[in-house]
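Data block for query.csv (CSV, C-alpha atoms):
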chain,number,residue,atom,x,y,z
P,11,MET,CA,149.7,102.5,104.3
P,12,GLU,CA,150.8,103.6,107.8
P,13,ALA,CA,154.5,104.5,108.3
P,14,ASN,CA,156.7,101.5,109.1
P,15,ARG,CA,154.0,99.0,108.2
P,16,ILE,CA,154.3,96.6,105.4
P,17,TYR,CA,151.6,94.9,103.3
P,18,ASN,CA,151.3,91.6,105.2
P,19,PHE,CA,150.4,88.6,103.0
P,20,ASN,CA,151.1,86.0,105.6
P,21,PRO,CA,148.6,83.1,105.8
P,22,GLY,CA,148.2,83.3,109.6
P,23,PRO,CA,148.7,84.9,111.9
P,24,ALA,CA,147.6,87.4,109.3
P,25,THR,CA,146.9,91.0,108.6
P,26,LEU,CA,144.1,92.6,110.7
P,27,PRO,CA,142.0,95.7,109.8
P,28,LEU,CA,143.9,98.8,110.7
P,29,PRO,CA,140.9,100.6,112.2
P,30,VAL,CA,140.5,97.6,114.6
P,31,LEU,CA,144.1,97.8,115.7
P,32,LYS,CA,143.8,101.5,116.3
P,33,GLU,CA,140.6,101.1,118.2
P,34,ALA,CA,142.1,98.4,120.4
P,35,GLN,CA,145.2,100.6,120.9
P,36,ALA,CA,143.0,103.5,122.0
P,37,GLU,CA,141.2,101.6,124.7
P,38,PHE,CA,144.0,99.3,125.7
P,39,LEU,CA,144.6,100.8,129.1
P,40,ASN,CA,140.9,101.3,130.1
P,41,PHE,CA,138.4,98.8,128.8
P,42,ARG,CA,134.9,100.2,128.8
P,43,GLY,CA,135.5,102.5,131.7
P,44,SER,CA,136.6,99.6,134.0
P,45,GLY,CA,140.0,101.3,134.8
P,46,MET,CA,141.6,98.0,133.6
P,47,SER,CA,143.0,96.7,130.4
P,48,ILE,CA,141.1,93.9,128.6
P,49,LEU,CA,144.2,91.8,129.5
P,50,GLU,CA,143.5,92.4,133.2
P,51,ILE,CA,139.7,92.3,133.6
P,52,SER,CA,137.9,89.4,135.1
P,53,HIS,CA,136.0,87.2,132.6
P,54,ARG,CA,133.1,87.3,135.2
P,55,ALA,CA,132.9,91.1,135.0
P,56,LYS,CA,129.8,92.7,133.5
P,57,GLU,CA,131.9,94.6,131.0
P,58,TYR,CA,133.4,91.4,129.7
P,59,ALA,CA,130.1,89.6,129.6
P,60,ALA,CA,128.6,92.5,127.5
P,61,MET,CA,131.5,92.4,125.1
P,62,GLN,CA,131.3,88.6,124.5
P,63,ALA,CA,127.5,88.7,124.1
P,64,GLU,CA,127.9,91.4,121.4
P,65,ALA,CA,130.6,89.5,119.6
P,66,LYS,CA,128.4,86.4,119.5
P,67,ALA,CA,125.4,88.3,118.3
P,68,ASP,CA,127.3,90.1,115.5
P,69,ILE,CA,128.7,86.8,114.3
P,70,LYS,CA,125.3,85.1,114.2
P,71,GLU,CA,123.8,88.2,112.5
P,72,LEU,CA,126.5,88.2,109.8
P,73,MET,CA,125.9,84.5,109.2
P,74,GLY,CA,122.2,84.9,109.1
P,75,LEU,CA,121.6,82.2,111.8
P,76,GLY,CA,118.9,82.0,114.4
P,77,ASP,CA,118.4,80.8,117.9
P,78,ASP,CA,119.0,77.1,117.0
P,79,TYR,CA,122.7,77.9,116.6
P,80,GLU,CA,125.2,78.8,119.3
P,81,VAL,CA,128.6,80.5,119.2
P,82,LEU,CA,131.4,79.0,121.4
P,83,PHE,CA,134.9,80.4,122.0
P,84,MET,CA,137.4,77.7,122.5
P,85,THR,CA,141.2,77.2,122.5
P,86,GLY,CA,143.7,74.9,120.9
P,87,GLY,CA,143.2,76.0,117.3
P,88,ALA,CA,141.4,74.0,114.6
P,89,SER,CA,143.9,71.2,115.2
P,90,THR,CA,142.3,70.5,118.5
P,91,GLN,CA,138.9,70.4,116.9
P,92,PHE,CA,140.2,67.7,114.6
P,93,ALA,CA,140.2,65.4,117.6
P,94,PHE,CA,137.2,66.9,119.4
P,95,LEU,CA,134.8,66.1,116.6
P,96,PRO,CA,135.3,62.3,116.4
P,97,LEU,CA,135.5,62.1,120.2
P,98,ASN,CA,132.1,63.8,120.6
P,99,PHE,CA,130.2,62.6,117.6
P,100,ALA,CA,131.7,59.6,115.8
P,101,SER,CA,131.7,55.9,116.5
P,102,LYS,CA,132.6,52.7,114.7
P,103,GLU,CA,129.0,52.2,113.8
P,104,HIS,CA,128.6,55.9,112.7
P,105,PRO,CA,132.0,57.1,111.5
P,106,GLY,CA,133.1,60.5,110.5
P,107,SER,CA,133.3,60.9,106.7
P,108,TYR,CA,136.0,63.1,105.4
P,109,VAL,CA,136.6,64.9,102.1
P,110,LEU,CA,140.3,65.3,101.6
P,111,SER,CA,141.1,68.5,99.7
P,112,GLY,CA,144.4,69.6,101.4
P,113,SER,CA,146.8,69.1,104.3
P,114,PHE,CA,144.4,70.3,107.0
P,115,ALA,CA,141.5,68.1,105.8
P,116,GLU,CA,143.9,65.2,105.8
P,117,LYS,CA,145.0,66.0,109.4
P,118,ALA,CA,141.4,66.1,110.5
P,119,TYR,CA,140.8,62.7,109.0
P,120,LYS,CA,143.9,61.2,110.6
P,121,GLU,CA,142.6,62.1,114.1
P,122,ALA,CA,139.4,60.2,113.4
P,123,GLU,CA,141.4,57.4,111.8
P,124,HIS,CA,143.6,57.2,114.9
P,125,LEU,CA,140.4,56.7,117.0
P,126,GLY,CA,139.1,54.1,114.6
P,127,VAL,CA,136.1,56.2,113.6
P,128,GLY,CA,137.1,57.8,110.3
P,129,GLU,CA,136.5,57.1,106.6
P,130,ILE,CA,137.4,58.9,103.3
P,131,VAL,CA,134.5,59.8,101.0
P,132,ALA,CA,136.5,61.7,98.4
P,133,SER,CA,140.1,62.9,97.8
P,134,SER,CA,142.0,65.1,95.4
P,135,LYS,CA,145.4,64.1,96.9
P,136,GLU,CA,146.6,62.1,93.9
P,137,GLY,CA,146.4,65.2,91.8
P,138,GLY,CA,148.4,67.3,94.2
P,139,TYR,CA,145.3,68.8,95.8
P,140,ARG,CA,144.8,71.1,92.8
P,141,HIS,CA,141.0,70.9,92.8
P,142,ILE,CA,138.1,70.6,95.2
P,143,PRO,CA,136.3,67.3,94.9
P,144,THR,CA,133.0,67.7,93.1
P,145,GLN,CA,129.6,66.5,94.2
P,146,ASP,CA,129.9,63.5,91.8
P,147,GLU,CA,133.1,62.5,93.5
P,148,LEU,CA,131.5,62.3,97.0
P,149,LYS,CA,130.6,58.7,98.1
P,150,ILE,CA,128.5,59.5,101.1
P,151,ASP,CA,127.9,56.9,103.7
P,152,GLU,CA,124.3,57.2,104.9
P,153,ASN,CA,125.4,55.8,108.3
P,154,ALA,CA,128.1,58.5,108.8
P,155,ALA,CA,127.9,60.7,111.9
P,156,TYR,CA,128.9,63.7,109.7
P,157,VAL,CA,130.6,64.7,106.5
P,158,HIS,CA,133.6,66.9,107.2
P,159,LEU,CA,135.1,69.5,104.8
P,160,CYS,CA,137.9,72.0,104.9
P,161,TYR,CA,136.2,74.8,103.1
P,162,ASN,CA,139.3,76.8,102.0
P,163,ASN,CA,142.8,75.2,101.7
P,164,THR,CA,145.3,77.7,102.7
P,165,ILE,CA,148.4,75.8,101.6
P,166,TYR,CA,147.1,74.8,98.1
P,167,GLY,CA,145.0,77.8,97.3
P,168,THR,CA,141.7,76.0,96.7
P,169,GLU,CA,138.2,76.8,98.0
P,170,TYR,CA,134.8,75.3,97.8
P,171,HIS,CA,132.4,77.2,95.5
P,172,TYR,CA,129.4,75.0,96.3
P,173,ILE,CA,127.8,73.4,99.3
P,174,PRO,CA,127.8,69.6,99.0
P,175,ASP,CA,124.5,67.7,99.2
P,176,THR,CA,125.2,65.2,102.0
P,177,LYS,CA,121.9,63.3,101.6
P,178,GLY,CA,120.8,64.2,105.1
P,179,VAL,CA,124.1,63.4,106.8
P,180,PRO,CA,125.1,66.4,109.1
P,181,LEU,CA,127.6,68.7,107.4
P,182,PHE,CA,130.7,69.9,109.3
P,183,ALA,CA,133.3,72.4,108.1
P,184,ASP,CA,136.6,73.8,109.0
P,185,MET,CA,136.3,77.4,107.8
P,186,SER,CA,139.5,78.7,109.4
P,187,SER,CA,140.7,80.6,106.4
P,188,ASP,CA,137.6,81.9,104.8
P,189,MET,CA,135.1,82.4,107.6
P,190,LEU,CA,132.9,85.5,107.1
P,191,SER,CA,134.6,86.3,103.8
P,192,ARG,CA,131.4,86.0,101.6
P,193,PRO,CA,127.7,85.2,102.0
P,194,ILE,CA,126.9,81.5,101.9
P,195,ASP,CA,123.9,79.6,103.3
P,196,PHE,CA,125.5,78.8,106.7
P,197,SER,CA,122.2,77.2,107.8
P,198,LYS,CA,123.1,74.2,105.5
P,199,PHE,CA,126.0,73.5,107.9
P,200,ASP,CA,125.4,71.8,111.2
P,201,PHE,CA,128.8,72.5,112.7
P,202,ILE,CA,131.4,75.1,111.7
P,203,TYR,CA,134.7,75.9,113.4
P,204,ALA,CA,137.6,78.2,112.6
P,205,GLY,CA,141.0,79.1,114.1
P,206,VAL,CA,140.6,82.8,113.9
P,207,GLN,CA,144.2,83.8,113.2
P,208,LYS,CA,143.7,83.8,109.4
P,209,ASN,CA,140.6,86.0,108.8
P,210,LEU,CA,139.1,87.0,112.1
P,211,GLY,CA,141.6,87.9,114.8
P,212,PRO,CA,144.8,87.0,116.6
P,213,ALA,CA,145.9,83.5,117.3
P,214,GLY,CA,144.6,81.9,120.5
P,215,VAL,CA,140.9,81.4,120.1
P,216,THR,CA,138.9,79.0,118.1
P,217,LEU,CA,135.4,80.0,117.0
P,218,VAL,CA,132.7,77.3,116.9
P,219,VAL,CA,129.3,78.0,115.4
P,220,ALA,CA,127.0,75.0,115.6
P,221,LYS,CA,123.4,73.8,116.0
P,222,LYS,CA,122.6,73.6,119.7
P,223,SER,CA,121.4,70.0,119.2
P,224,PHE,CA,125.1,69.1,118.6
P,225,LEU,CA,126.4,70.9,121.6
P,226,GLU,CA,124.0,70.3,124.4
P,227,LYS,CA,125.0,66.7,125.2
P,228,SER,CA,128.4,65.0,124.9
P,229,PRO,CA,129.5,61.4,125.8
P,230,GLU,CA,129.7,60.9,129.5
P,231,LYS,CA,133.1,59.1,129.2
P,232,LEU,CA,134.9,62.2,128.0
P,233,PRO,CA,136.9,64.5,130.3
P,234,THR,CA,135.1,67.7,131.2
P,235,MET,CA,137.3,69.9,128.9
P,236,PHE,CA,136.8,67.6,125.9
P,237,LYS,CA,133.0,68.0,125.9
P,238,TYR,CA,131.3,70.6,123.8
P,239,GLU,CA,128.5,70.4,126.4
P,240,THR,CA,130.8,72.0,128.9
P,241,PHE,CA,131.4,75.0,126.8
P,242,PHE,CA,127.8,75.2,125.7
P,243,LYS,CA,126.3,75.1,129.1
P,244,LYS,CA,128.8,77.5,130.7
P,245,ASP,CA,128.7,80.1,127.8
P,246,SER,CA,132.4,79.4,127.0
P,247,LEU,CA,133.2,80.5,130.6
P,248,TYR,CA,133.8,77.2,132.4
P,249,ASN,CA,137.4,78.3,132.8
P,250,THR,CA,139.2,81.5,132.0
P,251,PRO,CA,138.8,82.2,128.2
P,252,PRO,CA,141.3,84.0,126.0
P,253,ALA,CA,139.7,87.3,126.7
P,254,PHE,CA,141.8,89.6,124.6
P,255,ASN,CA,141.5,87.3,121.5
P,256,ILE,CA,137.7,87.1,121.9
P,257,TYR,CA,137.6,90.9,122.2
P,258,MET,CA,139.5,91.3,119.0
P,259,VAL,CA,137.3,88.8,117.2
P,260,GLY,CA,134.3,90.8,118.3
P,261,LYS,CA,135.9,94.0,117.0
P,262,VAL,CA,136.7,92.4,113.6
P,263,ALA,CA,133.0,91.1,113.3
P,264,ALA,CA,131.8,94.7,114.2
P,265,TRP,CA,134.2,96.1,111.5
P,266,ILE,CA,132.8,93.7,108.9
P,267,LYS,CA,129.3,94.9,109.7
P,268,SER,CA,130.3,98.5,109.6
P,269,GLU,CA,131.9,98.0,106.2
P,270,GLY,CA,128.8,96.5,104.6
P,271,GLY,CA,128.7,92.9,105.8
P,272,LEU,CA,129.6,89.7,103.9
P,273,ALA,CA,128.3,91.0,100.6
P,274,GLU,CA,130.8,93.8,100.6
P,275,MET,CA,133.6,91.5,101.8
P,276,ALA,CA,132.8,89.2,98.9
P,277,LYS,CA,132.9,92.0,96.4
P,278,ARG,CA,136.2,93.3,97.7
P,279,ASN,CA,137.7,89.8,97.9
P,280,LYS,CA,136.7,88.9,94.3
P,281,LYS,CA,138.3,92.2,93.0
P,282,LYS,CA,141.5,91.4,94.8
P,283,ALA,CA,141.7,87.8,93.7
P,284,ASP,CA,140.8,88.8,90.1
P,285,ARG,CA,143.7,91.3,90.0
P,286,LEU,CA,146.3,88.7,91.1
P,287,TYR,CA,144.9,85.8,89.0
P,288,GLY,CA,144.8,88.2,86.0
P,289,VAL,CA,148.5,88.7,86.3
P,290,ILE,CA,149.1,85.0,86.6
P,291,ASP,CA,146.9,84.2,83.6
P,292,ALA,CA,148.5,86.9,81.4
P,293,SER,CA,152.1,85.9,82.2
P,294,ASN,CA,152.4,83.3,79.4
P,295,GLY,CA,153.5,80.7,81.9
P,296,PHE,CA,156.1,82.8,83.8
P,297,TYR,CA,153.7,82.5,86.8
P,298,ARG,CA,152.0,79.1,87.1
P,299,GLY,CA,149.0,78.8,89.5
P,300,HIS,CA,148.8,75.7,91.6
P,301,ALA,CA,145.0,75.5,91.8
P,302,GLU,CA,142.8,74.5,88.9
P,303,LYS,CA,140.8,77.6,87.8
P,304,GLU,CA,137.4,76.3,88.9
P,305,SER,CA,138.7,75.6,92.4
P,306,ARG,CA,140.7,78.8,92.9
P,307,SER,CA,140.6,80.4,96.4
P,308,PHE,CA,139.6,84.0,97.0
P,309,MET,CA,141.7,84.0,100.1
P,310,ASN,CA,145.1,82.4,99.2
P,311,VAL,CA,146.6,82.8,95.8
P,312,THR,CA,149.3,80.2,95.1
P,313,PHE,CA,151.8,80.2,92.2
P,314,ARG,CA,155.2,79.1,91.1
P,315,LEU,CA,158.0,80.9,89.1
P,316,PRO,CA,160.3,79.3,86.5
P,317,SER,CA,163.0,78.3,89.1
P,318,GLU,CA,163.5,78.1,92.9
P,319,GLU,CA,166.3,80.6,92.6
P,320,LEU,CA,164.0,83.1,90.9
P,321,GLU,CA,161.5,82.5,93.7
P,322,LYS,CA,164.0,83.4,96.3
P,323,THR,CA,164.8,86.6,94.5
P,324,PHE,CA,161.1,87.3,94.2
P,325,VAL,CA,160.6,87.0,98.0
P,326,ALA,CA,163.6,89.2,98.8
P,327,GLU,CA,162.7,91.9,96.3
P,328,ALA,CA,159.0,91.9,97.3
P,329,LEU,CA,160.0,92.4,101.0
P,330,ALA,CA,162.3,95.3,100.0
P,331,GLN,CA,159.2,97.0,98.5
P,332,GLY,CA,157.1,96.4,101.6
P,333,LEU,CA,155.3,93.3,100.4
P,334,GLY,CA,155.8,90.7,103.1
P,335,GLY,CA,154.8,87.1,103.7
P,336,VAL,CA,154.6,85.9,100.1
P,337,LYS,CA,156.7,82.8,100.4
P,338,GLY,CA,154.6,79.6,99.8
P,339,HIS,CA,154.3,76.7,102.2
P,340,ARG,CA,157.3,74.3,102.2
P,341,SER,CA,155.1,71.4,101.1
P,342,VAL,CA,154.2,73.2,97.8
P,343,GLY,CA,156.9,75.8,97.4
P,344,GLY,CA,156.6,78.9,95.3
P,345,MET,CA,154.5,81.9,96.3
P,346,ARG,CA,151.4,82.4,98.3
P,347,ALA,CA,149.6,85.7,98.7
P,348,SER,CA,147.0,85.6,101.5
P,349,ILE,CA,144.4,88.3,100.8
P,350,TYR,CA,141.9,88.0,103.6
P,351,ASN,CA,139.2,90.5,104.4
P,352,ALA,CA,141.6,92.9,106.0
P,353,MET,CA,144.0,93.1,103.1
P,354,THR,CA,143.3,96.2,101.1
P,355,TYR,CA,143.0,96.4,97.4
P,356,GLU,CA,145.8,98.9,97.4
P,357,GLY,CA,148.1,96.2,98.9
P,358,VAL,CA,147.0,93.7,96.3
P,359,ASP,CA,147.4,96.1,93.5
P,360,GLN,CA,151.0,96.9,94.6
P,361,LEU,CA,151.8,93.2,94.7
P,362,ALA,CA,150.3,92.7,91.2
P,363,SER,CA,152.2,95.6,89.8
P,364,PHE,CA,155.4,94.2,91.4
P,365,MET,CA,154.7,90.9,89.8
P,366,GLU,CA,154.3,92.5,86.4
P,367,ASP,CA,157.5,94.5,86.8
P,368,PHE,CA,159.4,91.4,88.1
P,369,GLN,CA,158.4,89.4,85.0
P,370,LYS,CA,159.6,92.1,82.7
P,371,THR,CA,162.9,92.2,84.4
P,372,HIS,CA,163.5,88.4,84.8
P,373,ALA,CA,161.6,86.7,82.0

Would you encode the structure as structure tokens?
Amino acid sequence: MEANRIYNFNPGPATLPLPVLKEAQAEFLNFRGSGMSILEISHRAKEYAAMQAEAKADIKELMGLGDDYEVLFMTGGASTQFAFLPLNFASKEHPGSYVLSGSFAEKAYKEAEHLGVGEIVASSKEGGYRHIPTQDELKIDENAAYVHLCYNNTIYGTEYHYIPDTKGVPLFADMSSDMLSRPIDFSKFDFIYAGVQKNLGPAGVTLVVAKKSFLEKSPEKLPTMFKYETFFKKDSLYNTPPAFNIYMVGKVAAWIKSEGGLAEMAKRNKKKADRLYGVIDASNGFYRGHAEKESRSFMNVTFRLPSEELEKTFVAEALAQGLGGVKGHRSVGGMRASIYNAMTYEGVDQLASFMEDFQKTHA
């Protein structure tokens, strides 16, 4: 670990690969020989155009997608996409169908409900969002415009480990917190979006990867900036994009490629998750995981301790040892360790060792 840097387990904005940060630092004042910083350069400049094209190509290559898909760079976070989707695609006759598996899935549904075009096809809310709804729990409406999932639930520490069969209804997914973390058949999804600040870059840009057929025509009644068509036809350059953030996403995608792609990310992420879940499972109840085992996330490990007072002590002592951002979300409490692609195994091992020592001292 670099001097004066902690292991950052925050859920987002989250840790970024150190080589990416250093690379950006080295070229911060002079982007690709332009004599300007990426913060200053025009989004119409050839240097910027080349960078954005490379970022899009790397993302599609990592996802194994062809020319029938397009990459968009948008703003407003995943929360804005919650409203964009029903505005662009749903109607009372063809509503958006939502699987509720956590807070963000619920927020996405509420935007569609507010517009009068949303329905729930499955929910694990009654059980405290401890599991991902199974295929058998999904009651798919064949008239639905789409089925919407939140693929990884940052707050609750649950994650899909299967791709639902939607019986031909288009499959949409919010992948904000596990995008490009493992190989999956992305071609089974018609529309994917992700706020990048969890696993792909700094806050400020939203990545959309979708079939062109869903992007090329939006309802005429919508304002220009609410249409996917606007971003699609203008290559995400209708107005000034968040250039620095896109640049960083491109660097993270290139870093993933250089490290061995999604297969290598999956291998590392499983090793990290196994280390932490191993401590939880061996603690005889001192640490209590929130998620049911079959739904556990490889990205966000959530757990409680015997008392809230002990949890406060855990957070303070962890930070004193250079382990930051482990406090859980206020709606769940307890602890949360976010172990995205950029979190090293060394960082996770230090947290796991701290957990083992903390139990010996406080059990």

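Among the candidate residues P:Gln62, P:Asn162, P:Ser187, P:Ser47, the one lying nearest to P:Ala34 is P:Ser47, with distances computed using all atoms listed in the file.
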
**OP:** Would you please work out which residue, of P:Val219, P:Leu110, P:Ala154, P:Ile165, is nearest to P:Gly338 when using all atoms listed in the file?
**Re:** P:Ile165

**OP:** Please identify all polymer residues lying at most 12 Å from the point (158.0, 73.7, 100.6) (file coordinates), using all atoms listed in the file, and present the result as a ChimeraX atom specification.
**Re:** /P:165-166,314,318,321,337-346

Subject >> Straight-line distance linking atom CA of P:Val325 with atom CA of P:Leu286, stated in Å to one decimal >> reply: 16.0 Å

Subject >> From P:Arg42, P:Lys149, P:Lys102, P:Lys237, residue lying nearest P:His124 [only C-alpha atoms] >> reply: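 Checking each candidate against P:His124, we get P:Lys102 as the closest.
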
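In terms of minimum interatomic distance to P:Leu95, P:Phe224 ranks closest within P:Gly205, P:Phe224, P:Ile51, P:Glu169, counting all atoms listed in the file.
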
Original post:
P:Ala59: which residues within 12 Å, counting all atoms listed in the file, same-chain residues fewer than 3 positions away excluded, as a list in words?
Top reply: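 The neighbour list is Arg42, Ile48, Ile51, Ser52, His53, Arg54, Ala55, Lys56, Gln62, Ala63, Glu64, Ala65, Lys66, Asp245, Ser246, Leu247, Pro251, Ala253, Ile256 and Tyr257 of chain P.
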
Just write the chosen residues, C-alpha atoms, as a compact mmCIF listing (two decimals), in the coordinates of the input.
# COMPACT_ATOMS: atom_id res chain seq x y z
CA ARG P 42 134.90 100.20 128.80
CA ILE P 48 141.10 93.90 128.60
CA ILE P 51 139.70 92.30 133.60
CA SER P 52 137.90 89.40 135.10
CA HIS P 53 136.00 87.20 132.60
CA ARG P 54 133.10 87.30 135.20
CA ALA P 55 132.90 91.10 135.00
CA LYS P 56 129.80 92.70 133.50
CA GLN P 62 131.30 88.60 124.50
CA ALA P 63 127.50 88.70 124.10
CA GLU P 64 127.90 91.40 121.40
CA ALA P 65 130.60 89.50 119.60
CA LYS P 66 128.40 86.40 119.50
CA ASP P 245 128.70 80.10 127.80
CA SER P 246 132.40 79.40 127.00
CA LEU P 247 133.20 80.50 130.60
CA PRO P 251 138.80 82.20 128.20
CA ALA P 253 139.70 87.30 126.70
CA ILE P 256 137.70 87.10 121.90
CA TYR P 257 137.60 90.90 122.20

**OP:** Scan for residues within 12 Å of the point (156.8, 103.5, 106.5) in the coordinates of the file, using all atoms listed in the file, and reply as number ranges by chain.
**Re:** P: 11-17, 330-333

**OP:** Write out as a list of chain:residue names which residues come within 8 Å of P:Phe19 when counting all atoms listed in the file, dropping same-chain ones fewer than 6 positions away.
**Re:**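 Final neighbour list, sorted by chain and number: P:Thr25, P:Leu333, P:Gly334, P:Gly335, P:Val336, P:Arg346, P:Ala347, P:Ser348, P:Ile349, P:Met353.
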
Original post:
From the list P:Glu366, P:Asp184, P:Glu269, P:Glu239, which residue is nearest P:Tyr297 when using all atoms listed in the file?
Top reply: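 Selected residue with least distance to P:Tyr297: P:Glu366.
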
Residues of stretch 231-280 of chain P that have any atom at most 7 Å from an atom of stretch 69-77 of chain P: could you tabulate them with the shortest-distance atom pair and the distance in Å to one decimal, using all atoms listed in the file, ordered by chain and increasing number, as a tab-separated table?
residue	atom	partner	partner_atom	distance
P:Ala263	CA	P:Ile69	CA	6.2
P:Gly271	CA	P:Leu72	CA	6.6
P:Leu272	CA	P:Leu72	CA	6.8

Subject >> Atomic separation - atom CA of P:Thr85 relative to atom CA of P:Phe99, Å >> reply: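 Going from atom CA of P:Phe99 over to atom CA of P:Thr85, I get 18.9 Å.
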
Generate N, CA and C atoms for stretch 147-160 of chain P and emit them as a CSV table (one decimal), in the coordinates of the input.
chain,number,residue,atom,x,y,z
P,147,GLU,N,132.0,63.3,92.9
P,147,GLU,CA,133.1,62.5,93.5
P,147,GLU,C,132.8,62.0,94.9
P,148,LEU,N,131.8,62.6,95.6
P,148,LEU,CA,131.5,62.3,97.0
P,148,LEU,C,130.8,61.0,97.1
P,149,LYS,N,131.3,60.0,97.8
P,149,LYS,CA,130.6,58.7,98.1
P,149,LYS,C,130.2,58.7,99.5
P,150,ILE,N,129.0,59.3,99.8
P,150,ILE,CA,128.5,59.5,101.1
P,150,ILE,C,128.0,58.3,101.7
P,151,ASP,N,128.4,58.0,103.0
P,151,ASP,CA,127.9,56.9,103.7
P,151,ASP,C,126.7,57.3,104.5
P,152,GLU,N,125.6,56.7,104.3
P,152,GLU,CA,124.3,57.2,104.9
P,152,GLU,C,124.4,56.9,106.4
P,153,ASN,N,125.3,56.1,106.9
P,153,ASN,CA,125.4,55.8,108.3
P,153,ASN,C,126.4,56.7,109.0
P,154,ALA,N,127.0,57.6,108.3
P,154,ALA,CA,128.1,58.5,108.8
P,154,ALA,C,127.5,59.4,109.9
P,155,ALA,N,128.3,59.7,110.9
P,155,ALA,CA,127.9,60.7,111.9
P,155,ALA,C,127.9,62.1,111.3
P,156,TYR,N,128.8,62.3,110.4
P,156,TYR,CA,128.9,63.7,109.7
P,156,TYR,C,129.8,63.5,108.5
P,157,VAL,N,129.7,64.5,107.6
P,157,VAL,CA,130.6,64.7,106.5
P,157,VAL,C,131.4,65.9,106.8
P,158,HIS,N,132.7,65.8,106.8
P,158,HIS,CA,133.6,66.9,107.2
P,158,HIS,C,134.4,67.5,106.0
P,159,LEU,N,134.4,68.8,105.9
P,159,LEU,CA,135.1,69.5,104.8
P,159,LEU,C,136.1,70.5,105.4
P,160,CYS,N,137.1,70.8,104.7
P,160,CYS,CA,137.9,72.0,104.9
P,160,CYS,C,137.6,72.9,103.8
